[in-house]
Structure formats: C-alpha cells, structure tokens
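Asks: First the structure, then my questions, so here it is.
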Amino acid sequence: MPAMIQRTACLIARGNDPCRNLAMEKHLMDTLPDSTAILFLYQNRQSVVVGRNQNPWQECRVDAFLAQGGEITRRLSGGGVSYQDEGTLCFSIILPKKDFDAARQVQLLYQVAAVCGMPTDPGMGVMLRSQGRIYCQNTFYKAGSGAIHHGVIHVGTNQEALMKALGMWEESQERTSPIINLQERNPQVTIESVQHMLYRGFSDFYHSEPTWLDEQMMDQGSIQQYTNRFRDEKWIYPPKTDFDFTVSERFPWGSVSVQLKREGGVIRESRIFSDAMEAALFFPIEEGLVGCPFLIGAITTRFQQKLELVSDPRLLQIAGDVCTLICGRIRAQDRAGQTED
C-alpha cells in the first residue's frame, strides 16, 4: 500500500477534445499538491494519439483519417499508438514520482476488468489482454517530481473504425481487431459503470475518499496554452527531411526506426521513432548523432559518451540494441558495396 499518499481527488472532463484533455492532464501534473493522487477520467471524440517518439505517418492512415473527421495528436509519454472514440474510456492517475508503482497501479485496472467479466491473460504487462486481445493500454510519463500513469480501456470502441484508421482493415482477412471491448464479455457494461468502478477502486487503493474537482475552477489560460501545444502540427508531425539512411527493427522492448541524413560523410540530421516506453532515452541519442562522422567507430563512441551517466540496465540494453542496429546496417551496406565492385 502506498504510504505517502494522504489525499485523493477525481476529475471527470466535461468535453471530448483530445488536445484539451491532454492539456488538463498536464496542468494537473504541474499543479499537483504534495502527497496527493488524482484520478482523471475522460472520453475523446474520434482520435489517434501517438506516443512521444512515434511517427504518425507510419502509425495510421493520416490523410484518410483526417478527411473523415478524425483528429491526431501526440501525448507526452512513450509507448504505442492509441485509437480512441466515445466508446473508449481514458484515464490518468497523477501522483508524486516517489509514490509511483506501475505494477500495483495496473492491478487496479485488471481488478475492474474482472468485475466487468473480463478475465486477464497471465503475465501482466503494459497491455492488458484477454484471450490474446488488448482491452487496456497503459503508458507512463515522469517529469520533475510528478508522474502520470495513463491509458485507455476499450469499453465499446468502434472496431472497424479503429482498424481502418490504423491501416489494419486491408491487411486483416478475417477482420479481427487486436482490441477487445469489455462489452463483448458483458453487454451491460457502460462507460459510466466503468468510471464508477475505477473511482471506487482508486478510493480503496489509497484508502481515501476522493474530493471531486471541477475543471472550471482550473487555470484556463494554462490549459489553453497546453491545448494549443498539443494541437500544433509541429508537435504532432515530424519535419519532412530527405533522409538517405534508414533502418528499422522490432526488439522485445519495442520497435525502432532510425533515419539519418548525411553530407560529406557526416550525419547532419537524425530521427529515431519508437514505441518504447522509455521516451526520453532517444532525444540525447538523436542529438549525439548530429555532427558525428558516418563511421562505425565514431557512432559507437557517441553512444558511449551519451550513456556515461546511465545506470539503468534496461536503458543500456535499448541503447545498445539501437547502436548495434545502425552499425550492422552500415556493415551490410559496406559489404554490398564491396561485392558490387
């Protein structure tokens, strides 16, 4: 039981604007009182929300989705793409970083699912599954002294719209969605009933009856600033660059795609796209590659320099895999060039 949380609160958003709801979440994190945990519940109109390091053009059918009224934005946390509509319940648990416990917090979610009649497959992870299909997606974000555990619970998400938006419809012969709705197990389940169960579970988890919050009492100027940021195309879409080196791979920790632009044997631009949870890891790597000679030894040295202060073995493993991936592709290209000669 987290011992440091002394107060809890709950906010249910009034609107379904995905950018405004992300803005309220960020504002709640920025203004979080000490020893307090907040449960934020909301629904978004039809939208695709990509992870911090993902490329929307690779994750969804951008033009078609926008043309039929969908919205695309980018959240602060890492992880994978999420399709949402008004059959999807979004949640955020906002709390001090020192009280963050992902494994215990996830327990709250599969307990709620069990009450709804949705059994969870063994081997809990960030994606909660039932019979191999995902009913709850979780991601995490930490900054300063605060942390957010947020995600979505698929209650009655439009499966056909999800598959079309994410480019799965044409690829799936059986039209089987990777997502399963709680309503497939229990047609009586509603967004409102799941909200109530999350509220009660959150209250029991922290042994504290949450105080109800009203978004109208929040700093509307701050929320509008963040809303504008989440709606800014520069935030959502990566700049268009003619990269001349690309390599992609899927690892146990997630997928990664590295794109580099070279001039005169030197890396001038770099982008790393990934659905890994460790969002902040890739920014210093991108920066470190810029200005680096396009040589295996130089690239390896840049990785080592950027990771000198990293002690987390998982982060070191991810960075090592990315370095090996880049260098392996360079070796393969060199061999192909020598063979052609």
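Quick note on naming: the chains in the structure tokens go A, B, ... in the order shown, residues restart at 1 in each chain, and ligands are numbered from 1 in order of appearance.
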For Ile12 (chain A), list every protein, DNA or RNA residue within 6 Å, evaluated using only C-alpha atoms, and leave out those in the same chain fewer than 4 positions away; present the list as a PyMOL selection string.
Replies: chain A and resi 40-42
Asks: As a list of chain:residue names, please: the residues near Val62 (chain A) (cut-off 8 Å, only C-alpha atoms, same-chain neighbours under 6 positions excluded).
Replies: A:Pro56, A:Ile72, A:Ala165
Asks: Can you write out the residues you just picked, keeping N, CA and C atoms, as a PDB file, in the first residue's frame?
Replies:
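Below is the file that was written, part23.pdb:
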```pdb
ATOM      1  N   PRO A  56       3.403   9.631 -36.877  1.00  0.00           N
ATOM      2  CA  PRO A  56       2.009   9.389 -37.262  1.00  0.00           C
ATOM      3  C   PRO A  56       1.863   8.814 -38.663  1.00  0.00           C
ATOM      4  N   ILE A  72      -5.704  13.868 -34.848  1.00  0.00           N
ATOM      5  CA  ILE A  72      -4.448  13.216 -34.485  1.00  0.00           C
ATOM      6  C   ILE A  72      -3.683  14.141 -33.553  1.00  0.00           C
ATOM      7  N   ALA A 165      -8.492   3.181 -39.376  1.00  0.00           N
ATOM      8  CA  ALA A 165      -7.628   4.317 -39.039  1.00  0.00           C
ATOM      9  C   ALA A 165      -6.170   3.898 -38.937  1.00  0.00           C
TER      10      ALA A 165
END
```
Asks: For each of A:Asn21, A:Ala276, A:Arg133, A:Arg52, take the minimum atom-to-atom distance to Leu315 (chain A), counting only C-alpha atoms, then give the residue where this is smallest.
Replies: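 Checking each of A:Asn21, A:Ala276, A:Arg133, A:Arg52 against Leu315 (chain A), counting only C-alpha atoms, the winner is A:Ala276.
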Asks: So which one's closest to Lys240 (chain A), A:Glu192, A:Ala37, A:Val266, A:Trp57? Using only C-alpha atoms, please.
Replies: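 Among the listed residues, A:Trp57 lies closest to Lys240 (chain A).
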Asks: Between A:Leu295, A:Ala147, A:Leu166, A:Ile134, which has the minimum distance to Ile179 (chain A) (counting only C-alpha atoms)?
Replies: A:Ile134
Asks: Considering only C-alpha atoms, can you say which of A:Val194, A:Val115, A:Ile326, A:Leu11 comes closest to Thr300 (chain A)?
Replies: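 Among the listed residues, A:Ile326 lies closest to Thr300 (chain A).
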Asks: Which polymer residues have any atom within 8 Å of an atom of region 117-120 of chain A, counting only C-alpha atoms, with same-chain residues fewer than 5 positions away left out, as JSON, numbers by chain?
Replies: {"A": [110, 128, 129, 130, 131, 182, 185, 186]}
Asks: Of the residues A:Gln84, A:Gln188, A:Ser177, A:Asn55, which is the one nearest to Met163 (chain A), using only C-alpha atoms?
Replies: A:Ser177
Asks: Name the residues in contact with Arg268 (chain A) at a cut-off of 12 Å, using only C-alpha atoms, excluding same-chain residues fewer than 6 positions from it; report them as a ChimeraX atom specification.
Replies: /A:241-245,259-262,286-294
Asks: Could you name the residues that touch Phe251 (chain A) at 10 Å or less, counting only C-alpha atoms, but leaving out those on the same chain fewer than 4 positions away, as a ChimeraX atom specification?
Replies: /A:255-256,276,318,321-322
Asks: Just want the 7 Å neighbourhood of Asn44 (chain A), counted on only C-alpha atoms, with same-chain residues fewer than 6 positions away dropped. Output as a ChimeraX atom specification.
Replies: /A:16-18,84-86
